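Written below as structure tokens is the structure these notes are about.
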Amino acid sequence: IGVVGVNWEAKIMALKFLNAQGSGSLSNAIKCIDYAIDHDAKVLNNSWGGGGFSPELREAIERANDAGAIFVAAAGNDAGRDNDQDPSYPASYDNENIISVLAIDYEGELAWFSCFGAESVDIGAPGVDITSTIPNNDYEKFSGTSMATPHVSGACALAWSHPQHQGKGLSEIKQLIMDNGVPNAKLQDRCQIEGELNIRFLESTPCSATPQPLVIAKNARFAWHEGKDANGPTTLLTVEIDLPQEMDVHIQASSSVTTEDDGMRLTTGLSNS
């Protein structure tokens, strides 16, 4: 069936420069970045790292910045490594469009393998036992900052697709992700926001409808009715309420619903066989 991400309608551009053993060349990494820029990619997920400082790679990331693309990068999996003191590239470049991501576990703790950096790492995201699809229609759990990074990439894409944020630039989207992270004391001095990814701020959507006044229904009456149908015994709960005026009424129930509209009175049955 697959794994569902946070942004169901995003287009994914798969660019590969690493082989099955996880090795690849810097020149091919740069080609992937430039290809993504040339084809209008807005969020670049970079679940890879290695090698020393490269002016050429930094320049490629800056080209992405100039094109308005966010560059989300894995902080690295060298346990105990402080990226402030010992940079891990590409996450540790100083380009403004980079979001560097460390990994946390289910308890919100810094994952034992994850690099960190109070200044050079931006945010934490889940990176332990992340369910992933693998060849031959199967699943496996993986851990790493490579798993944490796509959580943030997906959040960036989701924020950018939101009606309230579609016209914003990369720096504004990055700031939204940073400002709305959840504070986590376990990440104190481990990343800039000392917290973890949270996209609940995207739950609110613009509403053009005029708010309706709250109506209090009075004289509610409840009655239970035992009975039988073709499937066996049934229990019917009848709820009668007097409404002060004619109005549309929304009914929610966990099972079947029957209604009778008797003028100013609504009778609703919630049945549970």
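Starting from 1 in every chain, residues are counted up; chains themselves are A, B, ... following the order of the structure tokens, and ligands are numbered from 1 as listed.
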Using only C-alpha atoms, what table do you get, as a tab-separated table, when you list each residue of segment 54-119 of chain A with an atom no more than 12 Å from segment 138-145 of chain A, its nearest pair of atoms, and their distance in Å rounded to one decimal, rows by chain then rising number?
```
residue	atom	partner	partner_atom	distance
A:Val72	CA	A:Thr145	CA	11.1
A:Ala73	CA	A:Thr145	CA	8.7
A:Ala74	CA	A:Thr145	CA	5.2
A:Ala75	CA	A:Thr145	CA	6.3
A:Gly76	CA	A:Thr145	CA	5.9
A:Asn77	CA	A:Thr145	CA	6.4
A:Asp78	CA	A:Gly144	CA	10.0
A:Ala79	CA	A:Gly144	CA	10.8
A:Ala91	CA	A:Thr145	CA	10.9
A:Ser100	CA	A:Thr145	CA	9.7
A:Val101	CA	A:Thr145	CA	6.9
A:Leu102	CA	A:Thr145	CA	5.7
A:Ala103	CA	A:Thr145	CA	5.1
A:Ile104	CA	A:Thr145	CA	8.6
A:Asp105	CA	A:Ser143	CA	9.2
A:Tyr106	CA	A:Ser143	CA	11.5
A:Leu110	CA	A:Thr145	CA	10.7
A:Ala111	CA	A:Gly144	CA	8.2
A:Trp112	CA	A:Gly144	CA	9.7
A:Phe113	CA	A:Gly144	CA	7.4
A:Ser114	CA	A:Thr145	CA	6.5
A:Cys115	CA	A:Thr145	CA	8.4
A:Phe116	CA	A:Thr145	CA	10.4
```
For the residues in the current selection, export N, CA, C and O atoms as a short mmCIF file (atom, residue, chain, number, x, y, z; two decimals), in the first residue's frame.
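Saved as selection26.cif:
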```
data_model
loop_
_atom_site.label_atom_id
_atom_site.label_comp_id
_atom_site.auth_asym_id
_atom_site.auth_seq_id
_atom_site.Cartn_x
_atom_site.Cartn_y
_atom_site.Cartn_z
N VAL A 72 16.82 21.50 2.95
CA VAL A 72 16.70 20.81 4.24
C VAL A 72 17.76 19.71 4.29
O VAL A 72 17.83 18.88 3.38
N ALA A 73 18.58 19.71 5.34
CA ALA A 73 19.74 18.82 5.38
C ALA A 73 19.84 18.06 6.70
O ALA A 73 19.53 18.60 7.77
N ALA A 74 20.29 16.82 6.61
CA ALA A 74 20.49 15.97 7.78
C ALA A 74 21.72 16.43 8.55
O ALA A 74 22.79 16.65 7.96
N ALA A 75 21.59 16.55 9.88
CA ALA A 75 22.70 17.03 10.70
C ALA A 75 23.83 16.01 10.77
O ALA A 75 24.99 16.39 11.01
N GLY A 76 23.52 14.73 10.57
CA GLY A 76 24.56 13.71 10.59
C GLY A 76 24.36 12.70 11.71
O GLY A 76 23.63 12.94 12.67
N ASN A 77 25.01 11.56 11.56
CA ASN A 77 24.80 10.43 12.47
C ASN A 77 26.08 10.02 13.21
O ASN A 77 26.29 8.85 13.51
N ASP A 78 26.92 10.98 13.50
CA ASP A 78 28.18 10.72 14.22
C ASP A 78 27.95 11.00 15.69
O ASP A 78 28.05 12.15 16.15
N ALA A 79 27.60 9.98 16.47
CA ALA A 79 27.17 10.13 17.87
C ALA A 79 28.13 11.02 18.67
O ALA A 79 29.35 10.82 18.63
N ALA A 91 24.96 20.14 5.91
CA ALA A 91 24.07 20.79 6.90
C ALA A 91 24.71 22.01 7.56
O ALA A 91 24.00 22.93 7.98
N SER A 100 18.88 22.71 9.08
CA SER A 100 19.63 21.54 9.54
C SER A 100 18.80 20.80 10.59
O SER A 100 18.30 21.41 11.54
N VAL A 101 18.69 19.47 10.44
CA VAL A 101 17.75 18.69 11.24
C VAL A 101 18.46 17.58 12.02
O VAL A 101 19.18 16.76 11.44
N LEU A 102 18.27 17.56 13.34
CA LEU A 102 18.74 16.45 14.15
C LEU A 102 17.61 15.46 14.37
O LEU A 102 16.44 15.76 14.09
N ALA A 103 17.94 14.28 14.88
CA ALA A 103 16.94 13.22 15.08
C ALA A 103 16.60 13.07 16.56
O ALA A 103 17.47 13.14 17.42
N ILE A 104 15.30 12.88 16.82
CA ILE A 104 14.84 12.57 18.17
C ILE A 104 14.14 11.21 18.16
O ILE A 104 13.72 10.72 17.11
N ASP A 105 14.03 10.61 19.36
CA ASP A 105 13.33 9.34 19.47
C ASP A 105 11.89 9.56 19.92
O ASP A 105 11.41 10.70 19.97
N TYR A 106 11.20 8.45 20.24
CA TYR A 106 9.79 8.55 20.61
C TYR A 106 9.56 9.29 21.92
O TYR A 106 8.46 9.75 22.20
N LEU A 110 17.22 13.38 22.27
CA LEU A 110 18.15 13.37 21.15
C LEU A 110 18.52 11.92 20.87
O LEU A 110 18.92 11.17 21.77
N ALA A 111 18.35 11.48 19.62
CA ALA A 111 18.69 10.11 19.26
C ALA A 111 20.18 9.87 19.55
O ALA A 111 21.02 10.75 19.32
N TRP A 112 20.48 8.69 20.02
CA TRP A 112 21.85 8.41 20.49
C TRP A 112 22.90 8.64 19.41
O TRP A 112 24.05 8.98 19.70
N PHE A 113 22.51 8.49 18.15
CA PHE A 113 23.46 8.59 17.05
C PHE A 113 23.55 9.99 16.45
O PHE A 113 24.43 10.27 15.64
N SER A 114 22.64 10.87 16.82
CA SER A 114 22.47 12.13 16.09
C SER A 114 23.52 13.18 16.45
O SER A 114 23.86 13.38 17.62
N CYS A 115 24.02 13.86 15.43
CA CYS A 115 24.81 15.07 15.66
C CYS A 115 23.89 16.17 16.19
O CYS A 115 22.66 16.08 16.09
N PHE A 116 24.49 17.21 16.73
CA PHE A 116 23.72 18.32 17.28
C PHE A 116 24.54 19.59 17.14
O PHE A 116 25.70 19.55 16.70
#
```
Quick one: residues within 12 Å of segment 63-70 of chain A, only C-alpha atoms counted, chain neighbours fewer than 5 positions away excluded, as a tab-separated table (two decimals) with N, CA, C and O atoms, in the first residue's frame?
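Just written: out35.tsv:
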```tsv
chain	number	residue	atom	x	y	z
A	30	ILE	N	26.12	18.19	-6.89
A	30	ILE	CA	25.88	19.55	-7.40
A	30	ILE	C	24.98	19.50	-8.62
A	30	ILE	O	24.09	20.36	-8.79
A	31	LYS	N	25.19	18.50	-9.49
A	31	LYS	CA	24.33	18.36	-10.67
A	31	LYS	C	22.87	18.16	-10.25
A	31	LYS	O	21.96	18.70	-10.88
A	32	CYS	N	22.66	17.37	-9.19
A	32	CYS	CA	21.28	17.14	-8.70
A	32	CYS	C	20.66	18.44	-8.20
A	32	CYS	O	19.49	18.72	-8.48
A	33	ILE	N	21.43	19.22	-7.46
A	33	ILE	CA	20.92	20.49	-6.95
A	33	ILE	C	20.55	21.42	-8.11
A	33	ILE	O	19.46	22.01	-8.13
A	34	ASP	N	21.44	21.51	-9.07
A	34	ASP	CA	21.17	22.41	-10.21
A	34	ASP	C	19.99	21.92	-11.04
A	34	ASP	O	19.20	22.73	-11.55
A	35	TYR	N	19.86	20.61	-11.18
A	35	TYR	CA	18.72	20.07	-11.92
A	35	TYR	C	17.41	20.44	-11.22
A	35	TYR	O	16.44	20.86	-11.85
A	36	ALA	N	17.40	20.29	-9.89
A	36	ALA	CA	16.20	20.62	-9.11
A	36	ALA	C	15.85	22.10	-9.27
A	36	ALA	O	14.68	22.47	-9.45
A	37	ILE	N	16.87	22.97	-9.22
A	37	ILE	CA	16.64	24.40	-9.39
A	37	ILE	C	16.07	24.70	-10.77
A	37	ILE	O	15.10	25.45	-10.92
A	38	ASP	N	16.69	24.09	-11.78
A	38	ASP	CA	16.26	24.34	-13.16
A	38	ASP	C	14.83	23.89	-13.43
A	38	ASP	O	14.19	24.36	-14.37
A	39	HIS	N	14.34	22.94	-12.61
A	39	HIS	CA	12.99	22.42	-12.80
A	39	HIS	C	12.04	22.89	-11.70
A	39	HIS	O	11.04	22.25	-11.40
A	40	ASP	N	12.40	24.03	-11.09
A	40	ASP	CA	11.50	24.77	-10.18
A	40	ASP	C	11.14	24.04	-8.90
A	40	ASP	O	10.06	24.26	-8.34
A	41	ALA	N	12.01	23.17	-8.41
A	41	ALA	CA	11.77	22.55	-7.11
A	41	ALA	C	11.87	23.62	-6.02
A	41	ALA	O	12.75	24.49	-6.07
A	42	LYS	N	10.97	23.57	-5.05
A	42	LYS	CA	10.93	24.59	-3.99
A	42	LYS	C	11.52	24.08	-2.67
A	42	LYS	O	11.93	24.88	-1.83
A	43	VAL	N	11.50	22.76	-2.46
A	43	VAL	CA	12.05	22.18	-1.23
A	43	VAL	C	13.00	21.06	-1.63
A	43	VAL	O	12.60	20.10	-2.29
A	44	LEU	N	14.27	21.17	-1.24
A	44	LEU	CA	15.26	20.15	-1.55
A	44	LEU	C	15.57	19.36	-0.29
A	44	LEU	O	16.08	19.92	0.69
A	45	ASN	N	15.22	18.08	-0.28
A	45	ASN	CA	15.51	17.22	0.86
A	45	ASN	C	16.88	16.57	0.66
A	45	ASN	O	17.13	15.92	-0.36
A	46	ASN	N	17.74	16.73	1.65
A	46	ASN	CA	19.11	16.22	1.54
A	46	ASN	C	19.43	15.30	2.72
A	46	ASN	O	19.99	15.72	3.73
A	56	GLU	N	32.39	24.83	-3.99
A	56	GLU	CA	31.51	24.54	-5.12
A	56	GLU	C	30.13	24.11	-4.63
A	56	GLU	O	29.10	24.53	-5.19
A	57	LEU	N	30.09	23.28	-3.60
A	57	LEU	CA	28.80	22.83	-3.07
A	57	LEU	C	28.07	23.99	-2.40
A	57	LEU	O	26.86	24.16	-2.56
A	58	ARG	N	28.82	24.80	-1.66
A	58	ARG	CA	28.18	25.95	-1.02
A	58	ARG	C	27.58	26.88	-2.07
A	58	ARG	O	26.48	27.42	-1.89
A	94	ASP	N	26.64	27.93	5.87
A	94	ASP	CA	25.96	29.09	6.46
A	94	ASP	C	24.94	29.72	5.52
A	94	ASP	O	24.47	30.85	5.78
A	95	ASN	N	24.54	29.04	4.46
A	95	ASN	CA	23.52	29.58	3.55
A	95	ASN	C	22.21	29.79	4.29
A	95	ASN	O	21.80	28.95	5.11
A	96	GLU	N	21.53	30.90	3.99
A	96	GLU	CA	20.30	31.25	4.69
A	96	GLU	C	19.15	30.28	4.42
A	96	GLU	O	18.21	30.20	5.21
A	97	ASN	N	19.19	29.54	3.32
A	97	ASN	CA	18.07	28.66	2.98
A	97	ASN	C	18.20	27.27	3.58
A	97	ASN	O	17.34	26.42	3.35
A	98	ILE	N	19.24	27.01	4.36
A	98	ILE	CA	19.43	25.68	4.94
A	98	ILE	C	18.63	25.54	6.23
A	98	ILE	O	18.61	26.44	7.08
A	99	ILE	N	17.95	24.41	6.38
A	99	ILE	CA	17.39	23.98	7.67
A	99	ILE	C	18.10	22.68	8.03
A	99	ILE	O	17.95	21.67	7.34
A	100	SER	N	18.88	22.71	9.08
A	100	SER	CA	19.63	21.54	9.54
A	100	SER	C	18.80	20.80	10.59
A	100	SER	O	18.30	21.41	11.54
A	152	VAL	N	10.76	17.35	8.03
A	152	VAL	CA	10.82	18.81	7.91
A	152	VAL	C	10.58	19.25	6.48
A	152	VAL	O	9.88	20.25	6.23
A	153	SER	N	11.12	18.51	5.52
A	153	SER	CA	10.88	18.84	4.11
A	153	SER	C	9.39	18.80	3.79
A	153	SER	O	8.85	19.69	3.12
A	154	GLY	N	8.71	17.74	4.27
A	154	GLY	CA	7.27	17.63	4.06
A	154	GLY	C	6.51	18.77	4.71
A	154	GLY	O	5.54	19.29	4.15
A	155	ALA	N	6.96	19.17	5.90
A	155	ALA	CA	6.30	20.28	6.60
A	155	ALA	C	6.46	21.58	5.82
A	155	ALA	O	5.53	22.38	5.73
A	156	CYS	N	7.64	21.79	5.26
A	156	CYS	CA	7.86	23.00	4.45
A	156	CYS	C	6.93	23.02	3.24
A	156	CYS	O	6.30	24.04	2.93
A	157	ALA	N	6.83	21.89	2.56
A	157	ALA	CA	5.96	21.81	1.38
A	157	ALA	C	4.50	22.02	1.77
A	157	ALA	O	3.74	22.70	1.06
A	160	TRP	N	3.88	25.67	2.52
A	160	TRP	CA	3.87	26.46	1.29
A	160	TRP	C	2.57	26.28	0.50
A	160	TRP	O	2.16	27.15	-0.25
A	167	GLY	N	1.92	32.57	-0.98
A	167	GLY	CA	2.67	33.64	-1.61
A	167	GLY	C	3.95	34.01	-0.89
A	167	GLY	O	4.63	34.96	-1.29
A	168	LYS	N	4.30	33.29	0.16
A	168	LYS	CA	5.46	33.67	0.96
A	168	LYS	C	6.76	33.16	0.35
A	168	LYS	O	6.79	32.21	-0.42
A	169	GLY	N	7.85	33.80	0.73
A	169	GLY	CA	9.17	33.40	0.27
A	169	GLY	C	9.79	32.35	1.16
A	169	GLY	O	9.26	32.03	2.24
A	170	LEU	N	10.94	31.84	0.74
A	170	LEU	CA	11.56	30.74	1.49
A	170	LEU	C	11.92	31.15	2.91
A	170	LEU	O	11.80	30.35	3.85
A	171	SER	N	12.39	32.39	3.09
A	171	SER	CA	12.78	32.81	4.44
A	171	SER	C	11.58	32.85	5.38
A	171	SER	O	11.70	32.52	6.57
A	172	GLU	N	10.42	33.22	4.84
A	172	GLU	CA	9.20	33.26	5.66
A	172	GLU	C	8.73	31.85	6.00
A	172	GLU	O	8.28	31.60	7.13
A	173	ILE	N	8.81	30.92	5.04
A	173	ILE	CA	8.43	29.55	5.32
A	173	ILE	C	9.37	28.93	6.34
A	173	ILE	O	8.94	28.25	7.29
A	174	LYS	N	10.67	29.16	6.17
A	174	LYS	CA	11.64	28.65	7.14
A	174	LYS	C	11.34	29.20	8.53
A	174	LYS	O	11.36	28.46	9.52
A	175	GLN	N	11.02	30.48	8.62
A	175	GLN	CA	10.73	31.08	9.92
A	175	GLN	C	9.46	30.51	10.53
A	175	GLN	O	9.38	30.34	11.76
A	177	ILE	N	8.40	27.45	10.19
A	177	ILE	CA	8.77	26.13	10.73
A	177	ILE	C	9.52	26.30	12.04
A	177	ILE	O	9.26	25.58	13.03
```
### Message
Among segment 90-219 of chain A, which residues does DSSP mark as strand (DSSP E or B) when it is run on the backbone? Keep the chain and numbering as in the structure and answer as a ChimeraX atom specification.
### Response
/A:98-104,110,116,123-126,130-134,138-142,182-183,195-196,218-219
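Atom CA of Ala29 of chain A is positioned 9.0 Å from atom CA of Leu15 of chain A.
Of the listed residues (A:His151, A:His165, A:Arg81, A:Lys16), A:Arg81 comes nearest to Arg190 of chain A; the distances count only C-alpha atoms.
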### Test item: residues at most 12 Å from Gln85 of chain A, only C-alpha atoms, excluding those fewer than 2 positions along its chain, as a PyMOL selection string
chain A and resi 80-83+87-88+92+115-121
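For Gly51 of chain A, the non-local neighbours within 10 Å, defined as residues at least 3 positions apart in the same chain or in other chains and counting only C-alpha atoms, are A:Ser25, A:Leu26, A:Ser54, A:Ser88, A:Tyr89, A:Pro90.
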Using the selection just defined, write its residues with N, CA, C and O atoms as a tab-separated table (two decimals), in the first residue's frame.
```tsv
chain	number	residue	atom	x	y	z
A	25	SER	N	29.70	11.11	-5.77
A	25	SER	CA	30.66	12.20	-5.98
A	25	SER	C	30.03	13.55	-5.70
A	25	SER	O	28.81	13.74	-5.85
A	26	LEU	N	30.87	14.48	-5.29
A	26	LEU	CA	30.42	15.84	-5.03
A	26	LEU	C	29.89	16.49	-6.31
A	26	LEU	O	28.88	17.21	-6.28
A	54	SER	N	33.30	22.49	0.89
A	54	SER	CA	33.46	22.60	-0.55
A	54	SER	C	32.87	23.93	-1.01
A	54	SER	O	31.66	24.14	-0.93
A	88	SER	N	29.46	19.39	9.98
A	88	SER	CA	29.05	18.26	9.15
A	88	SER	C	28.35	18.83	7.92
A	88	SER	O	27.32	19.49	8.03
A	89	TYR	N	28.92	18.57	6.77
A	89	TYR	CA	28.39	19.18	5.53
A	89	TYR	C	27.53	18.18	4.75
A	89	TYR	O	27.75	16.98	4.84
A	90	PRO	N	26.48	18.68	4.06
A	90	PRO	CA	26.18	20.09	3.76
A	90	PRO	C	25.39	20.84	4.83
A	90	PRO	O	25.15	22.03	4.69
```
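Our summary of the geometry notes that atom CA of Pro135 of chain A is positioned 15.5 Å from atom CA of Asn19 of chain A.
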#### Entry: Proximity to Cys191 of chain A - best of A:Gly127, A:Gln166, A:Asp84, A:Glu203, only C-alpha atoms
A:Asp84
### Query
Do you know which residues are at most 9 Å from Gly108 of chain A counting only C-alpha atoms, after dropping those on the same chain fewer than 5 positions away, and could you put them as a PyMOL selection string?
chain A and resi 124-126+184+186-187+196
Give me a file of those residues, with N, CA, C and O atoms, as a PDB file, in the first residue's frame.
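Below is the file that was written, part_10.pdb:
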```pdb
ATOM      1  N   GLY A 124      14.684  19.714  15.679  1.00  0.00           N
ATOM      2  CA  GLY A 124      14.637  18.263  15.809  1.00  0.00           C
ATOM      3  C   GLY A 124      13.387  17.697  15.168  1.00  0.00           C
ATOM      4  O   GLY A 124      12.356  18.365  15.071  1.00  0.00           O
ATOM      5  N   ALA A 125      13.479  16.441  14.713  1.00  0.00           N
ATOM      6  CA  ALA A 125      12.332  15.749  14.118  1.00  0.00           C
ATOM      7  C   ALA A 125      12.499  14.247  14.334  1.00  0.00           C
ATOM      8  O   ALA A 125      13.615  13.766  14.561  1.00  0.00           O
ATOM      9  N   PRO A 126      11.403  13.492  14.270  1.00  0.00           N
ATOM     10  CA  PRO A 126      11.488  12.041  14.518  1.00  0.00           C
ATOM     11  C   PRO A 126      12.446  11.345  13.555  1.00  0.00           C
ATOM     12  O   PRO A 126      12.374  11.545  12.339  1.00  0.00           O
ATOM     13  N   ASN A 184      11.352  21.796  23.720  1.00  0.00           N
ATOM     14  CA  ASN A 184      11.653  20.489  24.294  1.00  0.00           C
ATOM     15  C   ASN A 184      12.905  20.646  25.145  1.00  0.00           C
ATOM     16  O   ASN A 184      14.006  20.849  24.620  1.00  0.00           O
ATOM     17  N   LYS A 186      14.633  18.607  26.561  1.00  0.00           N
ATOM     18  CA  LYS A 186      15.653  17.588  26.280  1.00  0.00           C
ATOM     19  C   LYS A 186      16.576  17.994  25.137  1.00  0.00           C
ATOM     20  O   LYS A 186      17.609  17.361  24.921  1.00  0.00           O
ATOM     21  N   LEU A 187      16.180  19.038  24.414  1.00  0.00           N
ATOM     22  CA  LEU A 187      16.997  19.521  23.307  1.00  0.00           C
ATOM     23  C   LEU A 187      17.679  20.848  23.636  1.00  0.00           C
ATOM     24  O   LEU A 187      18.143  21.551  22.750  1.00  0.00           O
ATOM     25  N   GLU A 196      11.270  20.766  18.763  1.00  0.00           N
ATOM     26  CA  GLU A 196      11.026  19.814  17.689  1.00  0.00           C
ATOM     27  C   GLU A 196       9.922  20.290  16.754  1.00  0.00           C
ATOM     28  O   GLU A 196       9.121  21.166  17.089  1.00  0.00           O
TER      29      GLU A 196
END
```
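Within segment 60-147 of chain A, DSSP run on the backbone puts these residues in alpha helix (DSSP H): Ala60, Ile61, Glu62, Arg63, Ala64, Asn65, Asp66, Thr145, Ser146 and Met147 of chain A.
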### Summary
Across A:Ala14, A:Ile61, A:Ile134, A:Ile123, the smallest distance to Asp179 of chain A, with only C-alpha atoms counted, is shown by A:Ile123
